[in-house]
$ cat work35.csv   # CSV, C-alpha atoms and all ligand atoms
chain,number,residue,atom,x,y,z
A,11,MET,CA,22.4,54.6,22.7
A,12,LYS,CA,19.9,52.1,24.0
A,13,THR,CA,20.9,48.5,24.6
A,14,ASN,CA,17.4,47.1,25.2
A,15,ILE,CA,18.5,46.1,28.7
A,16,ALA,CA,15.1,47.2,29.9
A,17,TRP,CA,13.4,44.6,27.8
A,18,CYS,CA,15.6,41.9,29.3
A,19,PHE,CA,14.5,42.9,32.8
A,20,LEU,CA,10.9,43.2,31.7
A,21,PHE,CA,10.7,39.6,30.7
A,22,GLY,CA,12.8,38.5,33.7
A,23,ILE,CA,15.0,36.3,31.7
A,24,MET,CA,18.4,36.7,30.1
A,25,VAL,CA,17.9,37.6,26.5
A,26,CYS,CA,20.8,38.6,24.3
A,27,PRO,CA,20.4,42.3,23.4
A,28,SER,CA,21.9,41.7,20.0
A,29,VAL,CA,18.9,39.7,18.9
A,30,LEU,CA,16.2,41.7,20.5
A,31,HIS,CA,15.1,44.9,18.8
A,32,SER,CA,12.3,47.1,19.8
A,33,GLN,CA,9.6,48.3,17.5
A,34,ASN,CA,10.9,51.8,17.1
A,35,ASP,CA,14.5,51.2,16.0
A,36,SER,CA,15.9,54.0,13.9
A,37,ILE,CA,18.8,54.7,11.7
A,38,ALA,CA,20.4,58.0,10.4
A,39,THR,CA,20.1,58.7,6.7
A,40,VAL,CA,21.4,61.8,4.9
A,41,ARG,CA,17.9,63.2,5.1
A,42,GLY,CA,17.5,62.5,8.8
A,43,THR,CA,16.5,59.6,11.0
A,44,ILE,CA,14.1,57.0,9.7
A,45,SER,CA,12.6,53.8,11.2
A,46,THR,CA,14.6,50.8,10.2
A,47,ASN,CA,11.3,49.3,9.0
A,48,ASP,CA,11.4,51.9,6.2
A,49,LEU,CA,14.8,50.8,4.9
A,50,SER,CA,13.0,48.1,2.9
A,51,LEU,CA,14.9,46.7,-0.1
A,52,SER,CA,18.5,47.8,0.6
A,53,LEU,CA,21.8,47.6,-1.2
A,54,THR,CA,24.3,47.5,1.6
A,55,HIS,CA,27.6,48.1,-0.2
A,56,GLU,CA,27.6,50.6,-3.0
A,57,HIS,CA,29.3,53.9,-3.8
A,58,ILE,CA,26.9,56.7,-5.0
A,59,MET,CA,30.2,58.4,-6.1
A,60,SER,CA,33.8,58.3,-5.1
A,61,ASN,CA,37.2,59.7,-6.0
A,62,TYR,CA,39.1,56.5,-5.5
A,63,GLY,CA,42.4,56.7,-7.4
A,64,VAL,CA,42.6,60.5,-7.1
A,65,SER,CA,45.2,62.0,-4.7
A,66,MET,CA,43.9,62.5,-1.2
A,67,ASP,CA,43.9,66.3,-1.1
A,68,SER,CA,41.5,66.6,-4.0
A,69,THR,CA,39.1,63.7,-3.3
A,70,ALA,CA,36.3,65.9,-1.9
A,71,PHE,CA,35.7,67.7,-5.2
A,72,TYR,CA,33.3,66.7,-7.9
A,73,ASP,CA,32.0,68.2,-11.1
A,74,GLU,CA,28.6,68.5,-9.4
A,75,LYS,CA,26.5,69.2,-12.5
A,76,ALA,CA,27.9,66.1,-14.2
A,77,LEU,CA,27.5,64.1,-11.0
A,78,PHE,CA,23.8,64.9,-10.7
A,79,GLU,CA,23.2,64.4,-14.4
A,80,GLN,CA,24.6,60.9,-14.2
A,81,VAL,CA,23.6,59.6,-10.8
A,82,VAL,CA,20.1,61.0,-10.3
A,83,PRO,CA,18.4,59.3,-13.3
A,84,TYR,CA,20.2,56.1,-12.5
A,85,LEU,CA,19.0,56.0,-8.9
A,86,LYS,CA,15.5,56.9,-10.0
A,87,SER,CA,15.6,53.8,-12.3
A,88,LEU,CA,16.8,51.7,-9.3
A,89,ARG,CA,13.9,53.0,-7.3
A,90,GLN,CA,11.5,51.9,-10.0
A,91,GLN,CA,13.0,48.5,-9.7
A,92,GLY,CA,12.2,48.4,-6.0
A,93,VAL,CA,15.4,49.7,-4.3
A,94,ARG,CA,14.6,51.9,-1.4
A,95,SER,CA,17.9,52.3,0.5
A,96,VAL,CA,21.6,52.5,-0.4
A,97,PHE,CA,24.5,52.2,2.1
A,98,ASP,CA,27.2,54.5,0.7
A,99,CYS,CA,30.6,53.1,1.4
A,100,THR,CA,32.7,56.0,0.3
A,101,THR,CA,34.6,57.1,3.3
A,102,ALA,CA,36.1,60.4,4.4
A,103,TYR,CA,39.4,61.1,2.4
A,104,PHE,CA,38.3,59.3,-0.7
A,105,GLY,CA,35.3,61.2,-1.7
A,106,ARG,CA,32.6,61.3,1.0
A,107,ARG,CA,30.4,64.4,0.5
A,108,VAL,CA,27.3,64.1,2.7
A,109,ASP,CA,25.9,67.4,1.4
A,110,LEU,CA,25.9,66.1,-2.2
A,111,LEU,CA,24.4,62.8,-0.9
A,112,GLU,CA,21.6,64.7,0.7
A,113,GLU,CA,20.8,66.5,-2.5
A,114,ILE,CA,20.8,63.2,-4.5
A,115,SER,CA,18.6,61.6,-1.9
A,116,LYS,CA,16.1,64.4,-2.1
A,117,ARG,CA,16.0,64.3,-5.9
A,118,THR,CA,15.6,60.5,-6.1
A,119,ASP,CA,13.7,59.7,-2.9
A,120,ILE,CA,16.2,56.9,-2.1
A,121,HIS,CA,17.4,56.6,1.4
A,122,ILE,CA,21.1,57.0,1.5
A,123,ILE,CA,23.0,56.0,4.6
A,124,ALA,CA,26.4,57.6,5.0
A,125,ASN,CA,29.4,56.3,7.0
A,126,THR,CA,32.0,57.3,9.5
A,127,GLY,CA,35.5,55.7,9.7
A,128,PHE,CA,38.7,55.7,7.6
A,129,TYR,CA,39.6,53.5,4.7
A,130,GLY,CA,42.6,51.4,5.5
A,131,SER,CA,42.9,49.5,2.1
A,132,ALA,CA,44.5,50.9,-1.1
A,133,ASN,CA,48.0,50.6,0.6
A,134,ASP,CA,46.8,53.1,3.2
A,135,ARG,CA,46.8,56.0,0.7
A,136,TYR,CA,43.5,57.4,2.1
A,137,ILE,CA,44.4,57.2,5.8
A,138,PRO,CA,45.0,60.7,7.2
A,139,GLN,CA,48.2,61.5,9.1
A,140,LEU,CA,46.2,62.1,12.3
A,141,ALA,CA,45.3,58.4,12.4
A,142,TYR,CA,49.0,57.6,12.9
A,143,GLU,CA,49.6,60.3,15.4
A,144,GLN,CA,46.6,60.1,17.7
A,145,PRO,CA,45.8,57.4,20.2
A,146,VAL,CA,43.0,54.9,19.3
A,147,GLU,CA,40.6,56.6,21.7
A,148,GLU,CA,41.0,59.9,20.0
A,149,ILE,CA,40.2,58.4,16.6
A,150,ALA,CA,37.1,56.8,18.1
A,151,GLN,CA,36.1,60.2,19.5
A,152,ILE,CA,36.3,61.8,16.0
A,153,TRP,CA,33.9,59.2,14.7
A,154,THR,CA,31.7,59.3,17.7
A,155,ASN,CA,31.5,63.1,17.3
A,156,GLU,CA,30.3,62.7,13.8
A,157,PHE,CA,27.5,60.4,15.1
A,158,GLU,CA,26.5,62.9,17.8
A,159,GLU,CA,27.0,66.2,16.1
A,160,GLY,CA,27.1,65.5,12.4
A,161,ILE,CA,29.6,65.2,9.5
A,162,ASP,CA,31.7,68.1,8.1
A,163,GLY,CA,29.7,70.9,9.7
A,164,THR,CA,26.3,69.5,8.6
A,165,LYS,CA,23.7,67.9,10.8
A,166,ILE,CA,24.0,64.7,8.8
A,167,LYS,CA,25.0,61.7,10.8
A,168,PRO,CA,26.5,58.4,9.9
A,169,GLY,CA,24.4,55.2,9.9
A,170,PHE,CA,27.4,52.8,10.1
A,171,ILE,CA,31.2,52.6,10.4
A,172,LYS,CA,33.3,51.8,7.4
A,173,LEU,CA,36.8,50.3,7.7
A,174,ALA,CA,39.2,48.3,5.6
A,175,PHE,CA,42.2,46.0,5.5
A,176,ASP,CA,44.8,45.7,2.9
A,177,SER,CA,45.6,42.2,1.8
A,178,GLY,CA,48.4,40.3,3.5
A,179,SER,CA,49.3,40.3,7.1
A,180,PRO,CA,47.2,43.1,8.8
A,181,SER,CA,49.3,46.2,9.4
A,182,THR,CA,49.5,48.1,12.7
A,183,ILE,CA,47.5,51.0,11.3
A,184,ASP,CA,44.7,48.8,9.9
A,185,LEU,CA,44.4,47.1,13.2
A,186,LYS,CA,44.4,50.3,15.1
A,187,LEU,CA,41.6,51.7,13.0
A,188,VAL,CA,39.5,48.5,13.5
A,189,GLU,CA,40.0,48.8,17.3
A,190,ALA,CA,38.9,52.5,17.0
A,191,GLY,CA,35.9,51.2,15.2
A,192,ILE,CA,35.1,48.8,18.0
A,193,LEU,CA,35.4,51.7,20.6
A,194,THR,CA,33.1,53.8,18.4
A,195,HIS,CA,30.6,50.9,18.2
A,196,LEU,CA,30.6,50.7,22.0
A,197,GLU,CA,29.6,54.4,22.2
A,198,THR,CA,27.2,54.6,19.3
A,199,GLY,CA,25.9,51.1,18.5
A,200,LEU,CA,26.8,51.6,14.8
A,201,THR,CA,27.6,48.4,12.9
A,202,MET,CA,31.1,48.1,11.4
A,203,ALA,CA,31.4,47.2,7.7
A,204,ILE,CA,35.0,46.1,7.3
A,205,HIS,CA,36.5,45.5,3.9
A,206,THR,CA,38.2,42.1,4.6
A,207,GLY,CA,37.9,40.4,1.2
A,208,GLU,CA,39.8,37.1,1.0
A,209,ASN,CA,42.0,38.0,4.0
A,210,ARG,CA,41.6,35.1,6.4
A,211,ASP,CA,44.2,36.6,8.8
A,212,ALA,CA,42.4,39.9,8.9
A,213,ALA,CA,39.2,38.1,9.7
A,214,GLN,CA,40.8,36.2,12.6
A,215,LYS,CA,42.4,39.4,13.9
A,216,THR,CA,39.0,41.2,13.8
A,217,LEU,CA,37.5,38.4,15.8
A,218,SER,CA,40.3,38.6,18.4
A,219,LEU,CA,39.8,42.4,18.8
A,220,LEU,CA,36.0,41.9,19.1
A,221,ASN,CA,36.6,39.3,21.8
A,222,LYS,CA,39.1,41.6,23.6
A,223,HIS,CA,36.4,44.3,23.9
A,224,GLN,CA,33.5,41.8,24.5
A,225,VAL,CA,31.7,42.8,21.4
A,226,SER,CA,29.6,40.3,19.5
A,227,PRO,CA,30.7,39.4,16.0
A,228,SER,CA,27.2,40.5,14.9
A,229,ALA,CA,28.6,44.1,15.1
A,230,TRP,CA,30.8,43.2,12.1
A,231,VAL,CA,30.0,42.9,8.5
A,232,TRP,CA,32.6,41.0,6.6
A,233,VAL,CA,32.7,43.1,3.4
A,234,HIS,CA,33.7,41.5,0.1
A,235,ALA,CA,33.4,38.0,1.7
A,236,ASN,CA,32.6,36.8,-1.8
A,237,LYS,CA,36.3,36.9,-2.5
A,238,GLN,CA,37.0,34.3,0.2
A,239,GLU,CA,36.5,31.0,-1.6
A,240,ASP,CA,36.4,28.8,1.5
A,241,ASN,CA,32.7,28.6,2.2
A,242,GLU,CA,33.4,26.6,5.4
A,243,MET,CA,35.3,29.6,6.9
A,244,LEU,CA,32.4,31.9,6.0
A,245,PHE,CA,29.9,29.5,7.6
A,246,GLU,CA,32.0,29.3,10.7
A,247,MET,CA,32.1,33.1,11.0
A,248,ALA,CA,28.3,33.4,10.2
A,249,ARG,CA,27.5,30.9,13.0
A,250,LEU,CA,29.4,33.1,15.4
A,251,GLY,CA,27.2,36.0,14.3
A,252,THR,CA,29.3,37.8,11.7
A,253,TRP,CA,27.3,39.2,8.7
A,254,ILE,CA,28.6,37.8,5.4
A,255,SER,CA,28.5,40.4,2.7
A,256,LEU,CA,28.5,38.9,-0.8
A,257,ASP,CA,28.7,42.2,-2.5
A,258,GLY,CA,30.2,41.7,-6.0
A,259,VAL,CA,27.0,40.8,-7.9
A,260,ASN,CA,27.1,41.7,-11.6
A,261,PRO,CA,25.3,40.7,-14.8
A,262,SER,CA,27.9,38.0,-15.7
A,263,ASN,CA,28.3,36.3,-12.3
A,264,TYR,CA,24.8,36.3,-10.7
A,265,LYS,CA,24.3,32.6,-11.4
A,266,ASP,CA,27.4,31.8,-9.2
A,267,TYR,CA,25.8,33.8,-6.5
A,268,VAL,CA,22.7,31.7,-6.7
A,269,ASP,CA,24.9,28.5,-6.3
A,270,ARG,CA,26.6,30.0,-3.3
A,271,LEU,CA,23.3,31.2,-1.7
A,272,GLN,CA,22.0,27.7,-2.1
A,273,LYS,CA,25.0,26.5,0.0
A,274,PHE,CA,24.2,29.1,2.7
A,275,LYS,CA,20.6,28.0,2.6
A,276,ASN,CA,21.5,24.3,3.0
A,277,ASP,CA,23.4,25.2,6.1
A,278,GLY,CA,20.6,27.4,7.5
A,279,LEU,CA,22.7,30.5,7.2
A,280,LEU,CA,20.7,32.7,4.8
A,281,LYS,CA,19.9,34.8,7.8
A,282,LYS,CA,23.5,36.1,8.0
A,283,VAL,CA,24.0,37.0,4.3
A,284,LEU,CA,23.9,40.5,2.8
A,285,LEU,CA,23.9,41.2,-0.9
A,286,SER,CA,25.2,44.1,-2.9
A,287,HIS,CA,27.3,45.0,-6.0
A,288,ASP,CA,30.1,47.4,-4.9
A,289,GLY,CA,28.8,49.5,-7.8
A,290,ASN,CA,29.7,53.2,-8.3
A,291,GLY,CA,27.5,55.9,-9.8
A,292,PHE,CA,30.4,58.3,-10.5
A,293,PRO,CA,33.8,56.7,-10.1
A,294,ALA,CA,36.2,59.6,-10.2
A,295,GLY,CA,34.0,61.2,-12.8
A,296,GLY,CA,33.9,58.0,-15.0
A,297,ALA,CA,31.0,55.8,-16.3
A,298,ILE,CA,28.6,54.1,-13.9
A,299,ARG,CA,29.7,50.7,-12.5
A,300,SER,CA,26.3,49.3,-12.4
A,301,PHE,CA,24.4,48.3,-9.3
A,302,ASP,CA,21.1,46.9,-10.7
A,303,ALA,CA,22.1,43.2,-11.3
A,304,ILE,CA,20.4,42.1,-8.1
A,305,THR,CA,17.0,43.5,-9.1
A,306,GLN,CA,17.4,42.8,-12.8
A,307,PHE,CA,19.0,39.3,-12.7
A,308,LEU,CA,19.7,37.8,-9.3
A,309,ILE,CA,16.2,38.0,-7.8
A,310,PRO,CA,14.4,36.6,-10.8
A,311,GLU,CA,17.0,33.8,-11.0
A,312,LEU,CA,16.6,33.0,-7.3
A,313,LYS,CA,12.8,32.7,-7.9
A,314,THR,CA,13.5,30.3,-10.8
A,315,GLU,CA,15.8,28.2,-8.6
A,316,GLY,CA,13.1,27.8,-6.0
A,317,PHE,CA,13.9,30.4,-3.4
A,318,THR,CA,10.7,31.6,-1.7
A,319,GLU,CA,9.5,35.2,-1.4
A,320,ASN,CA,10.3,35.0,2.3
A,321,GLU,CA,13.9,34.0,1.6
A,322,ILE,CA,14.3,36.7,-0.9
A,323,GLU,CA,12.9,39.3,1.5
A,324,GLN,CA,15.1,38.0,4.2
A,325,LEU,CA,18.2,38.6,2.0
A,326,THR,CA,17.2,42.0,0.7
A,327,ILE,CA,15.1,43.5,3.5
A,328,GLU,CA,15.3,41.7,6.8
A,329,ASN,CA,19.0,41.0,7.0
A,330,PRO,CA,20.1,44.6,6.1
A,331,LYS,CA,17.7,45.9,8.7
A,332,LYS,CA,19.0,43.6,11.4
A,333,ALA,CA,22.6,44.0,10.5
A,334,PHE,CA,22.5,47.8,10.5
A,335,THR,CA,20.1,48.5,13.4
A,336,PRO,CA,22.2,50.7,15.7
A,337,VAL,CA,22.5,48.7,19.0
A,338,ILE,CA,25.4,48.0,21.2
A,339,ARG,CA,26.1,44.3,20.6
A,340,ARG,CA,27.9,42.8,23.6
A,341,SER,CA,29.1,39.3,23.3
A,342,GLU,CA,27.3,36.8,25.5
B,401,ZN,ZN,33.3,49.4,-2.1
$ encode --input "work35.csv" --output "structure tokens"
Amino acid sequence: MKTNIAWCFLFGIMVCPSVLHSQNDSIATVRGTISTNDLSLSLTHEHIMSNYGVSMDSTAFYDEKALFEQVVPYLKSLRQQGVRSVFDCTTAYFGRRVDLLEEISKRTDIHIIANTGFYGSANDRYIPQLAYEQPVEEIAQIWTNEFEEGIDGTKIKPGFIKLAFDSGSPSTIDLKLVEAGILTHLETGLTMAIHTGENRDAAQKTLSLLNKHQVSPSAWVWVHANKQEDNEMLFEMARLGTWISLDGVNPSNYKDYVDRLQKFKNDGLLKKVLLSHDGNGFPAGGAIRSFDAITQFLIPELKTEGFTENEIEQLTIENPKKAFTPVIRRSE
């Protein structure tokens, strides 16, 4: 994985690799590698489908006919609204099926970016036994192999790492998985989207682990940061480089998001914010949890409230591209 070190020498000055991207950055999607310039309008935390709530041994199975009938027209409607890319946050062991994602992507012409990693939230019910038994380096190797070889016997590669904390004091296994994520980042350059929510302690521990391995906070997306009400803490993390994912937009709360975005804007931190819905196209076979409030409601409201086209593009196009460009991000 390139680190853009050559560019640093080329200019003869010390330039942080984490902020310097070359013109031909690329990212893996379920239909192959694309230029990060083609990601365009991106939803960075959604679930095309999942089997959250189902017991672990049956999460890989879907009623495929019902899945396609429900999800394909919905994603086509999102595409008409301008969405080009969806980052799918359903991990292995709670319903990731990259073969089905590939088929859905083909039928809808939406880029879908799959993940590697294990999901440490939900009281650890979707963490496989091997994660407890194997050393952290071996777990990182499993995820790195998915990046190098493909997922579940396919040639489909992950475009990011997905991890999660439970609430409360971070458990040994959750921290172990985050450390495995950092080791995977150092091999692959993949960004880590870590379900952290309101958990201040988990955020601090993540920062400590990143420091321990000399990895920049810009390798970390604080997922569900909207649940942390202390804006000052989010600003502080954003200033260190952390990506702040405000990913619970829905038709009844989008005005609150406008207020919050105004605060980030006033602090010059819009450049570190990601937006999404945490929607789900097929939640364990149930009805769609919508993910169109950003295009339907939030973007029009931002325009009404004086956000410029450039600022809206930064939030929906530029920030996702910068956050998820695979590049090893060493701390300075
Ligand atoms: Zn989610």
$ closest_residue --input "work35.csv" --among "A:Phe307, A:Phe97, A:Tyr103, A:Tyr84" --to "Phe71 of chain A" --atoms "all atoms listed in the file"
A:Tyr103
$ residues_near_ligand --input "work35.csv" --ligand "ligand ZN 401 (chain B)" --cutoff "9 Å" --atoms "all atoms listed in the file" --output "VMD selection string"
chain A and resid 55 to 57 98 to 100 205 233 to 234 257 287 to 290
$ closest_atom_pairs --input "work35.csv" --of "segment 198-236 of chain A" --to "segment 109-126 of chain A" --cutoff "10 Å" --atoms "only C-alpha atoms" --output "Markdown table"
| residue | atom | partner | partner_atom | distance |
| --- | --- | --- | --- | --- |
| A:Leu200 | CA | A:Thr126 | CA | 9.4 |
| A:Met202 | CA | A:Thr126 | CA | 9.4 |
| A:Ala203 | CA | A:Asn125 | CA | 9.3 |
$ residues_around --input "work35.csv" --residues "Val259 of chain A" --least-positions-apart "2" --cutoff "7 Å" --atoms "all atoms listed in the file" --output "short mmCIF file (atom, residue, chain, number, x, y, z; two decimals) with C-alpha atoms, keeping the file's coordinate frame"
data_model
loop_
_atom_site.label_atom_id
_atom_site.label_comp_id
_atom_site.auth_asym_id
_atom_site.auth_seq_id
_atom_site.Cartn_x
_atom_site.Cartn_y
_atom_site.Cartn_z
CA ASP A 257 28.70 42.20 -2.50
CA ASN A 263 28.30 36.30 -12.30
CA TYR A 264 24.80 36.30 -10.70
CA SER A 286 25.20 44.10 -2.90
CA HIS A 287 27.30 45.00 -6.00
CA ALA A 303 22.10 43.20 -11.30
CA ILE A 304 20.40 42.10 -8.10
#
$ atom_distance --input "work35.csv" --atom1 "atom CA of Ile137 of chain A" --atom2 "atom CA of Trp232 of chain A"
20.1 Å
$ atom_distance --input "work35.csv" --atom1 "atom CA of Asn155 of chain A" --atom2 "atom CA of Thr194 of chain A"
9.5 Å
$ closest_residue --input "work35.csv" --among "A:Gly291, A:Gly160, A:Pro145, A:Gly207" --to "Asn236 of chain A" --atoms "all atoms listed in the file"
A:Gly207
$ closest_residue --input "work35.csv" --among "A:Thr335, A:Gln144, A:Ile161, A:Val81" --to "Thr101 of chain A" --atoms "only C-alpha atoms"
A:Ile161
$ atom_distance --input "work35.csv" --atom1 "atom CA of Leu285 of chain A" --atom2 "atom CA of Asp266 of chain A"
13.0 Å
$ closest_residue --input "work35.csv" --among "A:Ser65, A:Asn47, A:Ala76, A:Ala213" --to "Gly296 of chain A" --atoms "all atoms listed in the file"
A:Ala76
$ axis_aligned_box --input "work35.csv" --around "segment 73-81 of chain A" --padding-each-side "4 Å" --output "JSON"
{"center_x": 27.6, "center_y": 64.4, "center_z": -11.9, "size_x": 16.8, "size_y": 17.6, "size_z": 13.0}
$ residues_around --input "work35.csv" --residues "Lys186 of chain A" --least-positions-apart "6" --cutoff "10 Å" --atoms "all atoms listed in the file" --output "PyMOL selection string"
chain A and resi 130+141-142+145-147+149+180+192+219
$ write_last_selection --input "work35.csv" --atoms "C-alpha atoms" --output "compact mmCIF listing (two decimals), in the coordinates of the input"
# COMPACT_ATOMS: atom_id res chain seq x y z
CA GLY A 130 42.60 51.40 5.50
CA ALA A 141 45.30 58.40 12.40
CA TYR A 142 49.00 57.60 12.90
CA PRO A 145 45.80 57.40 20.20
CA VAL A 146 43.00 54.90 19.30
CA GLU A 147 40.60 56.60 21.70
CA ILE A 149 40.20 58.40 16.60
CA PRO A 180 47.20 43.10 8.80
CA ILE A 192 35.10 48.80 18.00
CA LEU A 219 39.80 42.40 18.80
$ closest_residue --input "work35.csv" --among "A:Ser300, A:Gln324, A:Asn61, A:Ser50" --to "Gln80 of chain A" --atoms "all atoms listed in the file"
A:Ser300
$ closest_residue --input "work35.csv" --among "A:Ile171, A:Ala38, A:Ala248, A:Leu51" --to "Leu193 of chain A" --atoms "only C-alpha atoms"
A:Ile171
$ build_atoms --input "work35.csv" --residues "segment 289-297 of chain A" --atoms "all heavy atoms" --output "compact mmCIF listing (two decimals), in the frame of the given file"
# COMPACT_ATOMS: atom_id res chain seq x y z
N GLY A 289 28.92 48.67 -6.61
CA GLY A 289 28.80 49.50 -7.80
C GLY A 289 29.27 50.95 -7.48
O GLY A 289 29.58 51.28 -6.35
N ASN A 290 29.29 51.76 -8.54
CA ASN A 290 29.70 53.20 -8.30
C ASN A 290 29.01 54.03 -9.36
O ASN A 290 29.12 53.80 -10.56
CB ASN A 290 31.22 53.29 -8.43
CG ASN A 290 31.73 54.59 -7.83
OD1 ASN A 290 31.10 55.64 -7.95
ND2 ASN A 290 32.88 54.51 -7.17
N GLY A 291 28.26 55.03 -8.88
CA GLY A 291 27.50 55.90 -9.80
C GLY A 291 28.34 56.93 -10.49
O GLY A 291 27.92 57.49 -11.52
N PHE A 292 29.52 57.20 -9.96
CA PHE A 292 30.40 58.30 -10.50
C PHE A 292 31.78 58.07 -10.05
O PHE A 292 32.31 58.78 -9.20
CB PHE A 292 29.80 59.62 -10.01
CG PHE A 292 30.22 60.84 -10.80
CD1 PHE A 292 29.74 61.09 -12.08
CD2 PHE A 292 31.06 61.80 -10.22
CE1 PHE A 292 30.10 62.24 -12.77
CE2 PHE A 292 31.42 62.95 -10.90
CZ PHE A 292 30.94 63.17 -12.18
N PRO A 293 32.44 57.01 -10.58
CA PRO A 293 33.80 56.70 -10.10
C PRO A 293 34.84 57.65 -10.64
O PRO A 293 35.23 57.55 -11.80
CB PRO A 293 34.02 55.26 -10.65
CG PRO A 293 33.04 55.08 -11.77
CD PRO A 293 31.95 56.10 -11.61
N ALA A 294 35.22 58.58 -9.80
CA ALA A 294 36.20 59.60 -10.20
C ALA A 294 35.76 60.28 -11.51
O ALA A 294 36.59 60.54 -12.38
CB ALA A 294 37.59 59.05 -10.28
N GLY A 295 34.46 60.51 -11.64
CA GLY A 295 34.00 61.20 -12.80
C GLY A 295 33.69 60.28 -14.02
O GLY A 295 33.21 60.73 -15.06
N GLY A 296 33.99 58.98 -13.87
CA GLY A 296 33.90 58.00 -15.00
C GLY A 296 32.45 57.47 -15.14
O GLY A 296 31.51 57.92 -14.48
N ALA A 297 32.34 56.46 -16.01
CA ALA A 297 31.00 55.80 -16.30
C ALA A 297 30.55 55.01 -15.11
O ALA A 297 31.36 54.52 -14.31
CB ALA A 297 31.16 54.96 -17.53
